[in-house]
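Data block for run-v2.cif (mmCIF, C-alpha atoms and all ligand atoms):
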data_model
loop_
_atom_site.label_atom_id
_atom_site.label_comp_id
_atom_site.auth_asym_id
_atom_site.auth_seq_id
_atom_site.Cartn_x
_atom_site.Cartn_y
_atom_site.Cartn_z
CA MET A 1 -23.82 -7.60 15.29
CA PRO A 2 -20.10 -8.29 15.06
CA ILE A 3 -18.46 -8.12 11.69
CA VAL A 4 -15.82 -10.68 10.89
CA ALA A 5 -13.00 -9.22 8.84
CA HIS A 6 -10.50 -11.58 7.35
CA ASN A 7 -6.95 -10.64 8.06
CA PRO A 8 -4.87 -12.20 5.25
CA ASN A 9 -2.13 -12.67 7.81
CA LEU A 10 -4.19 -14.76 10.13
CA GLY A 11 -5.68 -18.09 9.30
CA PRO A 12 -9.39 -18.52 8.65
CA SER A 13 -9.58 -19.90 12.17
CA SER A 14 -8.32 -16.54 13.49
CA PRO A 15 -10.77 -13.95 12.19
CA ILE A 16 -10.57 -10.44 13.56
CA VAL A 17 -13.90 -9.87 15.27
CA VAL A 18 -14.69 -6.18 15.13
CA PRO A 19 -17.94 -5.27 16.86
CA GLN A 20 -19.55 -2.10 15.49
CA GLY A 21 -18.38 1.04 17.28
CA ARG A 22 -16.16 -0.86 19.66
CA VAL A 23 -13.52 0.68 21.89
CA LEU A 24 -10.17 -0.02 20.27
CA GLY A 25 -8.17 0.44 23.44
CA TRP A 26 -7.40 4.17 23.26
CA GLY A 27 -10.85 5.72 23.34
CA THR A 28 -14.14 5.28 21.62
CA MET A 29 -14.02 5.24 17.86
CA GLU A 30 -17.09 5.08 15.68
CA ARG A 31 -14.96 3.73 12.84
CA ASN A 32 -15.84 6.32 10.25
CA ILE A 33 -13.21 7.09 7.64
CA ALA A 34 -12.94 9.64 4.86
CA VAL A 35 -10.98 8.30 1.90
CA ILE A 36 -9.87 11.31 -0.15
CA GLY A 37 -9.32 10.58 -3.84
CA ALA A 38 -11.08 7.68 -5.59
CA GLY A 39 -8.33 6.68 -8.04
CA LEU A 40 -6.38 3.44 -8.03
CA ILE A 41 -5.34 3.63 -4.38
CA GLY A 42 -8.34 5.42 -2.85
CA ARG A 43 -10.86 2.87 -4.17
CA ALA A 44 -8.72 0.04 -2.82
CA TRP A 45 -8.46 1.62 0.65
CA ALA A 46 -12.23 2.06 0.65
CA MET A 47 -12.59 -1.71 0.25
CA VAL A 48 -10.00 -2.48 2.95
CA PHE A 49 -11.87 -0.42 5.56
CA ALA A 50 -15.37 -1.41 4.44
CA ARG A 51 -14.43 -5.12 4.52
CA ALA A 52 -13.45 -4.63 8.16
CA GLY A 53 -16.75 -2.98 9.09
CA TRP A 54 -15.80 0.70 8.85
CA ASN A 55 -18.19 3.28 7.37
CA VAL A 56 -16.38 4.82 4.43
CA ARG A 57 -16.95 8.21 2.81
CA LEU A 58 -15.17 8.11 -0.53
CA HIS A 59 -14.48 11.62 -1.83
CA ASP A 60 -13.22 12.79 -5.24
CA ARG A 61 -13.73 16.03 -7.10
CA GLU A 62 -14.58 14.07 -10.27
CA ARG A 63 -18.04 12.48 -10.28
CA ALA A 64 -16.86 10.11 -13.06
CA GLN A 65 -14.06 8.84 -10.80
CA LEU A 66 -16.55 8.14 -7.99
CA ASP A 67 -18.82 6.24 -10.39
CA ALA A 68 -15.91 4.25 -11.82
CA ALA A 69 -14.71 3.49 -8.29
CA GLN A 70 -18.15 2.22 -7.25
CA ALA A 71 -18.35 -0.13 -10.25
CA PHE A 72 -14.80 -1.39 -9.64
CA ILE A 73 -15.47 -1.93 -5.93
CA ALA A 74 -18.67 -3.93 -6.51
CA ALA A 75 -16.95 -6.21 -9.04
CA SER A 76 -13.78 -6.64 -6.96
CA LEU A 77 -15.61 -7.40 -3.70
CA ALA A 78 -17.71 -10.03 -5.48
CA GLU A 79 -14.52 -11.61 -6.81
CA GLN A 80 -12.83 -11.42 -3.38
CA ALA A 81 -15.83 -13.30 -1.95
CA GLU A 82 -15.08 -16.18 -4.36
CA TYR A 83 -11.71 -16.48 -2.60
CA GLN A 84 -13.32 -16.06 0.85
CA LEU A 85 -11.48 -12.79 1.42
CA VAL A 86 -14.69 -10.99 2.37
CA ALA A 87 -17.68 -12.55 4.13
CA ASP A 88 -20.47 -10.32 2.79
CA PRO A 89 -19.46 -8.33 -0.31
CA ALA A 90 -22.83 -6.57 -0.65
CA ALA A 91 -22.73 -5.37 2.96
CA ALA A 92 -19.14 -4.15 2.52
CA ALA A 93 -20.08 -2.26 -0.66
CA ALA A 94 -23.09 -0.74 1.10
CA ARG A 95 -20.80 0.71 3.79
CA ILE A 96 -19.05 2.86 1.15
CA GLU A 97 -20.76 6.16 0.41
CA THR A 98 -19.44 8.36 -2.39
CA MET A 99 -19.27 12.07 -1.50
CA PRO A 100 -18.32 14.83 -3.92
CA ASP A 101 -18.45 17.38 -1.07
CA LEU A 102 -15.27 17.39 1.04
CA ASP A 103 -16.81 18.94 4.16
CA ALA A 104 -19.60 16.37 4.19
CA ALA A 105 -17.07 13.58 3.74
CA LEU A 106 -15.04 14.79 6.74
CA ALA A 107 -17.93 15.34 9.17
CA GLY A 108 -17.55 13.15 12.25
CA VAL A 109 -14.75 10.90 10.94
CA ASP A 110 -12.10 9.21 13.10
CA TRP A 111 -9.62 8.67 10.29
CA VAL A 112 -8.67 10.28 6.97
CA GLN A 113 -6.71 8.49 4.26
CA GLU A 114 -5.54 10.89 1.53
CA ASN A 115 -4.88 9.57 -1.99
CA LEU A 116 -4.46 12.59 -4.26
CA PRO A 117 -1.82 13.08 -6.98
CA GLU A 118 1.80 12.76 -5.92
CA THR A 119 3.11 16.33 -5.68
CA ALA A 120 4.23 18.14 -2.53
CA GLU A 121 2.07 21.13 -3.51
CA VAL A 122 -1.13 19.05 -3.73
CA LYS A 123 -0.32 17.34 -0.42
CA ARG A 124 0.36 20.71 1.27
CA GLU A 125 -2.92 22.17 0.04
CA VAL A 126 -5.06 19.19 0.92
CA PHE A 127 -3.51 18.66 4.37
CA ALA A 128 -4.13 22.34 5.21
CA LEU A 129 -7.80 21.76 4.29
CA LEU A 130 -8.01 18.46 6.16
CA ASP A 131 -6.46 19.97 9.28
CA ARG A 132 -9.00 22.80 9.21
CA HIS A 133 -12.10 20.73 8.46
CA ALA A 134 -11.64 17.24 9.93
CA PRO A 135 -12.65 16.65 13.58
CA ARG A 136 -9.81 17.54 15.95
CA GLU A 137 -9.34 13.94 17.15
CA ALA A 138 -9.16 12.43 13.66
CA VAL A 139 -5.85 11.05 12.43
CA LEU A 140 -4.73 12.33 9.00
CA ALA A 141 -2.80 9.78 6.93
CA SER A 142 -1.34 10.19 3.44
CA SER A 143 -0.78 7.36 0.96
CA THR A 144 2.15 9.24 -0.60
CA SER A 145 4.75 6.95 -2.16
CA ALA A 146 7.73 9.22 -1.64
CA ILE A 147 6.97 12.58 0.03
CA PRO A 148 7.89 12.66 3.73
CA ALA A 149 5.17 14.11 6.00
CA SER A 150 7.56 16.85 7.19
CA GLN A 151 7.33 18.35 3.67
CA PHE A 152 3.59 18.97 3.83
CA THR A 153 2.53 19.19 7.48
CA GLU A 154 5.03 21.52 9.21
CA PRO A 155 2.90 24.70 9.53
CA LEU A 156 -0.30 22.90 10.54
CA ALA A 157 -1.88 23.41 13.96
CA GLY A 158 -2.68 19.70 14.05
CA ARG A 159 0.62 18.45 12.65
CA ALA A 160 1.03 15.99 15.54
CA ARG A 161 -1.86 13.91 14.13
CA CYS A 162 -0.41 13.61 10.62
CA LEU A 163 1.60 10.72 9.19
CA VAL A 164 2.35 8.81 6.02
CA ALA A 165 0.65 5.43 5.62
CA HIS A 166 2.13 4.24 2.34
CA PRO A 167 0.39 1.19 0.84
CA VAL A 168 1.41 -1.13 -1.98
CA ASN A 169 -0.74 -1.32 -5.08
CA PRO A 170 -3.31 -2.85 -4.76
CA PRO A 171 -3.68 -2.42 -0.97
CA HIS A 172 -6.83 -4.57 -0.79
CA LEU A 173 -4.70 -7.54 -1.88
CA VAL A 174 -1.16 -6.66 -0.75
CA PRO A 175 -1.37 -5.89 2.96
CA VAL A 176 1.89 -4.16 3.90
CA VAL A 177 1.60 -0.47 4.82
CA GLU A 178 4.59 1.69 5.76
CA LEU A 179 3.91 4.08 8.65
CA CYS A 180 6.24 7.05 8.82
CA GLY A 181 5.70 10.11 10.98
CA ALA A 182 7.31 13.52 10.73
CA PRO A 183 9.57 14.51 13.66
CA TRP A 184 6.46 16.14 15.24
CA THR A 185 4.03 13.24 14.80
CA ALA A 186 2.81 12.17 18.26
CA PRO A 187 3.98 8.69 19.34
CA GLU A 188 0.34 7.90 20.33
CA VAL A 189 -0.73 8.62 16.75
CA MET A 190 1.88 6.19 15.41
CA GLU A 191 0.68 3.56 17.88
CA ARG A 192 -2.95 4.21 16.99
CA ALA A 193 -2.10 3.87 13.31
CA ARG A 194 -0.28 0.60 13.88
CA ARG A 195 -3.35 -0.80 15.62
CA VAL A 196 -5.93 0.52 13.17
CA TYR A 197 -4.17 -0.78 10.05
CA ALA A 198 -3.55 -4.15 11.73
CA ASP A 199 -7.21 -4.28 12.79
CA VAL A 200 -8.42 -3.79 9.22
CA GLY A 201 -6.22 -6.67 8.05
CA GLN A 202 -3.12 -4.84 6.81
CA VAL A 203 0.47 -5.46 7.90
CA PRO A 204 1.85 -2.17 9.22
CA ILE A 205 5.59 -1.62 9.43
CA VAL A 206 7.13 1.38 11.19
CA VAL A 207 9.74 3.55 9.48
CA ARG A 208 11.52 4.94 12.54
CA ARG A 209 12.64 8.18 10.93
CA GLU A 210 12.09 9.84 7.59
CA ILE A 211 14.19 8.59 4.69
CA ASP A 212 13.76 9.18 0.97
CA GLY A 213 11.74 6.32 -0.56
CA PHE A 214 10.78 4.94 2.89
CA ILE A 215 11.68 1.22 3.03
CA LEU A 216 9.72 -0.55 0.31
CA ASN A 217 10.70 1.72 -2.55
CA ARG A 218 14.34 1.72 -1.47
CA LEU A 219 14.32 -2.08 -1.75
CA GLN A 220 12.32 -2.04 -4.97
CA GLY A 221 14.52 0.76 -6.34
CA ALA A 222 17.74 -1.19 -5.63
CA LEU A 223 16.37 -4.20 -7.52
CA LEU A 224 15.00 -2.12 -10.41
CA SER A 225 18.22 -0.11 -10.84
CA GLU A 226 20.17 -3.37 -11.12
CA ALA A 227 17.55 -4.76 -13.55
CA MET A 228 17.82 -1.60 -15.69
CA ARG A 229 21.60 -2.04 -15.77
CA LEU A 230 21.54 -5.78 -16.57
CA VAL A 231 18.96 -5.43 -19.37
CA GLY A 232 20.30 -2.08 -20.66
CA GLU A 233 23.83 -3.47 -20.94
CA GLY A 234 22.58 -6.66 -22.60
CA TYR A 235 23.47 -9.21 -19.89
CA VAL A 236 20.00 -10.74 -19.91
CA SER A 237 16.63 -10.41 -21.67
CA PRO A 238 13.75 -8.72 -19.79
CA ASP A 239 11.84 -12.00 -19.92
CA ASP A 240 14.65 -13.99 -18.31
CA LEU A 241 15.13 -11.27 -15.70
CA ASP A 242 11.41 -11.44 -14.83
CA LYS A 243 11.66 -15.24 -14.56
CA THR A 244 14.60 -14.87 -12.14
CA VAL A 245 12.33 -13.03 -9.73
CA ARG A 246 9.01 -14.75 -10.54
CA ASP A 247 10.36 -18.32 -10.47
CA GLY A 248 13.32 -17.69 -8.17
CA LEU A 249 13.69 -14.98 -5.56
CA GLY A 250 9.98 -14.12 -5.46
CA LEU A 251 8.87 -17.61 -4.47
CA ARG A 252 10.70 -17.41 -1.16
CA TRP A 253 9.89 -13.75 -0.68
CA SER A 254 6.16 -14.44 -0.79
CA PHE A 255 6.44 -15.95 2.69
CA ILE A 256 9.89 -15.16 4.13
CA GLY A 257 11.93 -11.99 3.79
CA PRO A 258 15.55 -11.63 2.65
CA PHE A 259 17.00 -11.90 6.17
CA ALA A 260 14.98 -15.01 6.95
CA THR A 261 16.09 -16.34 3.55
CA ILE A 262 19.83 -15.98 4.14
CA GLU A 263 19.49 -17.36 7.65
CA LEU A 264 18.46 -20.65 6.02
CA ASN A 265 21.26 -20.55 3.45
CA ALA A 266 24.13 -21.24 5.89
CA PRO A 267 24.07 -23.56 8.92
CA GLY A 268 25.35 -20.86 11.32
CA GLY A 269 22.76 -18.25 10.34
CA VAL A 270 23.35 -14.71 9.14
CA ALA A 271 26.91 -14.34 10.51
CA ASP A 272 27.92 -17.64 8.89
CA TYR A 273 26.23 -16.59 5.63
CA CYS A 274 28.17 -13.31 5.64
CA SER A 275 31.48 -15.06 6.33
CA ARG A 276 30.85 -17.39 3.35
CA TYR A 277 29.29 -14.99 0.85
CA GLY A 278 29.85 -11.50 2.27
CA GLY A 279 33.08 -11.03 0.27
CA ALA A 280 31.33 -11.65 -3.06
CA LEU A 281 28.38 -9.45 -2.10
CA ARG A 282 30.75 -6.73 -0.93
CA ARG A 283 32.45 -6.72 -4.36
CA LEU A 284 29.02 -6.19 -5.96
CA ALA A 285 28.22 -3.41 -3.47
CA GLU A 286 31.45 -1.63 -4.45
CA ALA A 287 30.16 -1.24 -8.04
CA PRO A 288 26.44 -0.43 -7.69
CA PRO A 289 24.34 0.53 -10.74
CA ALA A 290 24.93 4.19 -11.67
CA ALA A 291 22.09 6.73 -11.53
CA SER A 292 22.52 6.96 -15.33
CA VAL A 293 20.61 3.67 -15.73
CA TRP A 294 17.54 5.98 -15.50
CA ASP A 295 18.80 8.28 -18.29
CA PRO A 296 16.69 8.41 -21.49
CA GLY A 297 19.29 6.48 -23.50
CA ASN A 298 19.19 3.45 -21.22
CA VAL A 299 15.40 3.68 -20.77
CA ARG A 300 15.13 3.52 -24.61
CA ARG A 301 17.36 0.43 -24.71
CA VAL A 302 15.31 -1.33 -22.03
CA ALA A 303 12.02 -0.33 -23.70
CA ALA A 304 13.28 -1.65 -27.05
CA ALA A 305 14.29 -4.95 -25.41
CA LEU A 306 10.80 -5.22 -23.88
CA GLY A 307 9.02 -4.50 -27.17
CA ALA A 308 5.93 -2.37 -27.79
CA PRO A 309 3.65 -2.10 -24.74
CA PRO A 310 0.39 -4.05 -25.06
CA PRO A 311 -2.78 -2.08 -25.88
CA GLY A 312 -4.95 -0.75 -23.05
CA ASP A 313 -7.52 -3.55 -23.12
CA VAL A 314 -4.77 -6.17 -22.83
CA LEU A 315 -3.24 -4.27 -19.91
CA ASP A 316 -6.67 -4.10 -18.21
CA ALA A 317 -7.12 -7.84 -18.67
CA ARG A 318 -3.62 -8.44 -17.30
CA THR A 319 -4.39 -6.27 -14.24
CA ARG A 320 -7.54 -8.30 -13.57
CA TRP A 321 -5.54 -11.53 -13.99
CA ARG A 322 -2.87 -10.22 -11.57
CA ASP A 323 -5.56 -9.38 -9.01
CA ARG A 324 -7.07 -12.87 -9.26
CA ARG A 325 -3.63 -14.46 -8.77
CA LEU A 326 -3.09 -12.19 -5.73
CA MET A 327 -6.50 -13.24 -4.34
CA ALA A 328 -5.55 -16.91 -4.72
CA LEU A 329 -2.21 -16.23 -3.04
CA ALA A 330 -3.88 -14.33 -0.17
CA ARG A 331 -6.24 -17.29 0.26
CA HIS A 332 -3.29 -19.71 0.25
CA LYS A 333 -1.41 -17.65 2.82
CA GLN A 334 -4.48 -17.58 5.08
CA ASP A 335 -4.78 -21.35 4.82
CA GLN A 336 -1.06 -21.83 5.56
CA SER A 337 -0.60 -19.25 8.31
CA ASN A 338 -1.11 -21.68 11.14
CA VAL A 339 0.91 -24.46 9.50
CA GLU A 340 4.64 -24.48 10.08
N1 LIG B 401 -0.48 3.89 -7.93
C1 LIG B 401 0.37 3.28 -7.11
O1 LIG B 401 0.98 2.24 -7.44
C2 LIG B 401 0.57 3.81 -5.71
C3 LIG B 401 1.06 2.96 -4.71
C4 LIG B 401 1.21 3.46 -3.41
C5 LIG B 401 0.90 4.79 -3.13
N2 LIG B 401 0.43 5.59 -4.14
C6 LIG B 401 0.12 7.00 -3.81
O2 LIG B 401 -1.29 7.15 -3.70
C7 LIG B 401 -1.66 8.48 -4.10
C8 LIG B 401 -2.74 8.39 -5.18
O3 LIG B 401 -2.25 7.65 -6.28
P1 LIG B 401 -3.23 6.96 -7.35
O4 LIG B 401 -2.39 6.01 -8.13
O5 LIG B 401 -4.45 6.46 -6.66
O6 LIG B 401 -3.60 8.22 -8.26
P2 LIG B 401 -4.86 8.39 -9.27
O7 LIG B 401 -4.42 9.37 -10.30
O8 LIG B 401 -5.34 7.04 -9.70
O9 LIG B 401 -6.00 9.03 -8.35
C9 LIG B 401 -5.97 10.38 -7.90
C10 LIG B 401 -7.42 10.85 -7.70
O10 LIG B 401 -7.40 12.12 -7.08
C11 LIG B 401 -8.47 12.91 -7.64
N3 LIG B 401 -8.15 14.30 -7.35
C12 LIG B 401 -7.13 15.04 -7.85
N4 LIG B 401 -7.11 16.25 -7.25
C13 LIG B 401 -8.15 16.27 -6.37
C14 LIG B 401 -8.64 17.24 -5.45
N5 LIG B 401 -8.05 18.42 -5.30
N6 LIG B 401 -9.71 16.92 -4.69
C15 LIG B 401 -10.32 15.72 -4.82
N7 LIG B 401 -9.90 14.77 -5.68
C16 LIG B 401 -8.83 15.04 -6.43
C17 LIG B 401 -8.48 12.52 -9.10
O11 LIG B 401 -9.74 12.81 -9.70
C18 LIG B 401 -8.20 11.02 -9.02
O12 LIG B 401 -9.39 10.26 -8.93
C19 LIG B 401 -0.37 9.16 -4.57
O13 LIG B 401 0.16 9.93 -3.52
C20 LIG B 401 0.54 7.98 -4.88
O14 LIG B 401 1.92 8.28 -4.75
C21 LIG B 401 0.24 5.13 -5.41
#

Hey, can you dump this file as structure tokens for me?
Ligand SMILES: NC(=O)c1ccc[n+]([C@@H]2O[C@H](COP(=O)([O-])OP(=O)(O)OC[C@H]3O[C@@H](n4cnc5c(N)ncnc54)[C@H](O)[C@@H]3O)[C@@H](O)[C@H]2O)c1
Amino acid sequence: MPIVAHNPNLGPSSPIVVPQGRVLGWGTMERNIAVIGAGLIGRAWAMVFARAGWNVRLHDRERAQLDAAQAFIAASLAEQAEYQLVADPAAAAARIETMPDLDAALAGVDWVQENLPETAEVKREVFALLDRHAPREAVLASSTSAIPASQFTEPLAGRARCLVAHPVNPPHLVPVVELCGAPWTAPEVMERARRVYADVGQVPIVVRREIDGFILNRLQGALLSEAMRLVGEGYVSPDDLDKTVRDGLGLRWSFIGPFATIELNAPGGVADYCSRYGGALRRLAEAPPAASVWDPGNVRRVAAALGAPPPGDVLDARTRWRDRRLMALARHKQDQSNVE
């Protein structure tokens, strides 16, 4: 029976129909995935793939993490169903099997998504294991935020099948995923990855060659460095800075990017925009925030301006609130995607 997975980027009238065990255009795939690490990102990836009909083996060395992930997944899928982001939450949850044994988790999979702690040493160790134990045809993807694949896959026999697939937290609600291969990643693997992540409802983008921070964190880092400067030097309060993004830049960015934005800000498009405003923006670019905005002294000033962090239970409630707002936004974007 076909499974209908909702792609947040397509309208409800354009579901992705994914028959079980179908041929995805490059060979037969059973659509079995091992998700390695059941923390914040691993549990979210498990939902992304299970929603789209994949069989998921969720592995972690901590039984408590697997149990917590299962509880989180059941609650989140039920909530996603309220926003029509998943057709059958119970069936999706049932497709996720928790597996404390790594070998068992890897047996017969087509795909591996690694989500272990962010150190090059951990990535090197786990990719050596994955390359030895996963089926030869399986693609090995890492969720790393900032470690290029060339730093942890070079000596591997199967290095051509390894890549970074960097998601945004939480990937079950924010669909972009940055695909970045090492110099030795096979072009067919990059193409396969682009198709698989699109098929499960994500929005893959391709980073054409390795660069520190990939794309998303370079953009986020530029904005955050400037925010650290502006708040640290007392130009604006943290609250007013957040409003500038939340009630200003972010409203447009939730459906058009910065290039599409400036194209609409001058009648002759980007070149016209640059001839009108490029001089002022160039002056700003000549005096970028210094790396010292991340020094302890400035971090203390920014933290003091923000005030004491809320207690854990308030943060948990705020995370759940954020996720519900993201679900409503995903729903809205689905409804609007065919309207222009
Ligand atoms: N948190 C984010 O915002 C975010 C966003 C995008 C990408 N990432 C990347 O995703 C990866 C995971 O991040 P996270 O936030 O989910 O971390 P996390 O700390 O929430 O989860 C890590 C999990 O790995 C498990 N683990 C550790 N060592 C293990 C081992 N040897 N074998 C099996 N399980 C092991 C831990 O028990 C834990 O459950 C990192 O590479 C991170 O950079 C994180």

Put a box with edges along x, y and z around all the listed atoms of ligand LIG 401 (chain B), pad it by 8 Å on each side, then give me its centre and sizes in Å, one decimal, as JSON.
{"center_x": -4.2, "center_y": 10.3, "center_z": -6.7, "size_x": 28.2, "size_y": 32.2, "size_z": 23.2}

For stretch 128-130 of chain A, please output as number ranges by chain all residues within 8 Å (counting only C-alpha atoms; exclusion window: fewer than 4 positions along the same chain).
A: 106, 124, 134, 140, 153, 156

How close does each residue of chain A get to ligand LIG 401 (chain B), giving the shortest atom pair and distance in Å to one decimal for every residue with an atom at most 6 Å away, counting all atoms listed in the file, sorted by chain and residue number, as a Markdown table?
| residue | atom | partner | partner_atom | distance |
| --- | --- | --- | --- | --- |
| A:Gly37 | CA | B:LIG401 | O10 | 4.1 |
| A:Ala38 | CA | B:LIG401 | O12 | 4.5 |
| A:Gly39 | CA | B:LIG401 | O9 | 3.3 |
| A:Leu40 | CA | B:LIG401 | O5 | 3.8 |
| A:Ile41 | CA | B:LIG401 | O5 | 3.7 |
| A:Gly42 | CA | B:LIG401 | O5 | 5.5 |
| A:Asp60 | CA | B:LIG401 | N7 | 3.9 |
| A:Arg61 | CA | B:LIG401 | C15 | 4.1 |
| A:Glu62 | CA | B:LIG401 | O11 | 5.0 |
| A:Gln65 | CA | B:LIG401 | O12 | 5.2 |
| A:Asn115 | CA | B:LIG401 | C7 | 4.0 |
| A:Leu116 | CA | B:LIG401 | O10 | 4.1 |
| A:Pro117 | CA | B:LIG401 | C19 | 4.8 |
| A:Glu118 | CA | B:LIG401 | O13 | 4.1 |
| A:Ser143 | CA | B:LIG401 | O2 | 4.7 |
| A:Thr144 | CA | B:LIG401 | O13 | 3.6 |
| A:Ser145 | CA | B:LIG401 | O14 | 4.1 |
| A:His166 | CA | B:LIG401 | C5 | 5.6 |
| A:Pro167 | CA | B:LIG401 | C4 | 4.9 |
| A:Val168 | CA | B:LIG401 | C4 | 4.8 |
| A:Asn169 | CA | B:LIG401 | O1 | 4.6 |

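Of the listed residues (A:Tyr83, A:Arg252, A:Ala90, A:Val35), A:Val35 comes nearest to A:Leu66; the distances count only C-alpha atoms.
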
Nearest to A:Ala149: which of A:Ala280, A:Ile205, A:Glu210, A:Glu121 is it, counting only C-alpha atoms?
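Answer, going by the shortest atom-to-atom distance: A:Glu210.
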
Atom CA of A:Ala68 and atom CA of A:Arg95, how far apart in Å?
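Between atom CA of A:Arg95 and atom CA of A:Ala68 the gap is 16.7 Å.
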
Using Å and a single decimal, report how far atom CA of A:Ala146 sits from atom CA of A:Gly213.
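According to the coordinates, atom CA of A:Gly213 and atom CA of A:Ala146 are separated by 5.1 Å.
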
Is there a way to get, as a list in words, all residues within 6 Å of the point (-12.1, 2.7, 11.7) in file coordinates, counting only C-alpha atoms?
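Every polymer residue passing the test: Arg31, Asn32 and Trp54 of chain A.
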
In Å and to one decimal, atom CA of A:Glu188 is distant from atom CA of A:Ile147 by 21.9 Å

Which residue gives the smallest distance to A:Phe127 among A:Trp111, A:Phe152, A:Tyr277, A:Trp294, with all atoms listed in the file counted?
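The shortest atom-to-atom distance to A:Phe127 comes from A:Phe152.
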
With distances taken over all atoms listed in the file, which of A:Glu154, A:Val139, A:Ile33, A:Ala105 is nearest to A:Met190?
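Using all atoms listed in the file, the shortest distance to A:Met190 belongs to A:Val139.
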
What's around A:Ala44 at 8 Å? Count only C-alpha atoms, leave out sequence neighbours fewer than 2 positions away in its own chain, and write the answer as a list in words.
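Result of the neighbour search: Leu40, Ile41, Gly42, Ala46, Met47, Val48, Ile73, Pro170, Pro171 and His172 of chain A.
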
With C-alpha atoms retained, could you export that selection as a compact mmCIF listing (two decimals), in the frame of the given file?
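Result went into part_34.txt, see below:
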# COMPACT_ATOMS: atom_id res chain seq x y z
CA LEU A 40 -6.38 3.44 -8.03
CA ILE A 41 -5.34 3.63 -4.38
CA GLY A 42 -8.34 5.42 -2.85
CA ALA A 46 -12.23 2.06 0.65
CA MET A 47 -12.59 -1.71 0.25
CA VAL A 48 -10.00 -2.48 2.95
CA ILE A 73 -15.47 -1.93 -5.93
CA PRO A 170 -3.31 -2.85 -4.76
CA PRO A 171 -3.68 -2.42 -0.97
CA HIS A 172 -6.83 -4.57 -0.79

For each of A:Val164, A:Val314, A:Ala50, A:Leu58, take the minimum atom-to-atom distance to A:Leu77, counting all atoms listed in the file, then give the residue where this is smallest.
A:Ala50

N, CA and C atoms of stretch 146-160 of chain A from block above, as a CSV table (one decimal), in the first residue's frame:
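See decode_1.csv below for the written result:
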chain,number,residue,atom,x,y,z
A,146,ALA,N,29.8,21.2,11.6
A,146,ALA,CA,31.0,22.0,11.1
A,146,ALA,C,32.2,21.2,10.8
A,147,ILE,N,32.2,19.9,10.8
A,147,ILE,CA,33.4,19.1,10.5
A,147,ILE,C,33.3,18.5,9.0
A,148,PRO,N,34.1,19.0,8.1
A,148,PRO,CA,34.1,18.5,6.7
A,148,PRO,C,34.3,17.0,6.7
A,149,ALA,N,33.7,16.4,5.7
A,149,ALA,CA,33.8,14.9,5.6
A,149,ALA,C,35.3,14.5,5.3
A,150,SER,N,36.1,15.4,4.7
A,150,SER,CA,37.5,15.0,4.4
A,150,SER,C,38.3,14.8,5.7
A,151,GLN,N,37.8,15.4,6.8
A,151,GLN,CA,38.5,15.2,8.1
A,151,GLN,C,38.2,13.9,8.8
A,152,PHE,N,37.2,13.1,8.3
A,152,PHE,CA,37.0,11.9,9.1
A,152,PHE,C,36.7,10.7,8.2
A,153,THR,N,36.9,10.8,6.8
A,153,THR,CA,36.7,9.7,5.9
A,153,THR,C,37.9,9.3,5.1
A,154,GLU,N,38.9,10.1,5.1
A,154,GLU,CA,40.0,9.9,4.1
A,154,GLU,C,40.6,8.5,4.0
A,155,PRO,N,40.9,7.8,5.2
A,155,PRO,CA,41.5,6.5,5.1
A,155,PRO,C,40.5,5.4,4.8
A,156,LEU,N,39.2,5.6,4.6
A,156,LEU,CA,38.3,4.6,4.6
A,156,LEU,C,38.2,3.9,3.2
A,157,ALA,N,38.0,2.6,3.1
A,157,ALA,CA,37.9,1.9,1.9
A,157,ALA,C,36.7,2.4,1.1
A,158,GLY,N,35.6,2.7,1.9
A,158,GLY,CA,34.4,3.1,1.2
A,158,GLY,C,34.2,4.6,1.3
A,159,ARG,N,35.3,5.4,1.2
A,159,ARG,CA,35.1,6.9,1.4
A,159,ARG,C,34.3,7.5,0.3
A,160,ALA,N,34.2,6.9,-0.8
A,160,ALA,CA,33.4,7.5,-1.9
A,160,ALA,C,31.9,7.5,-1.6
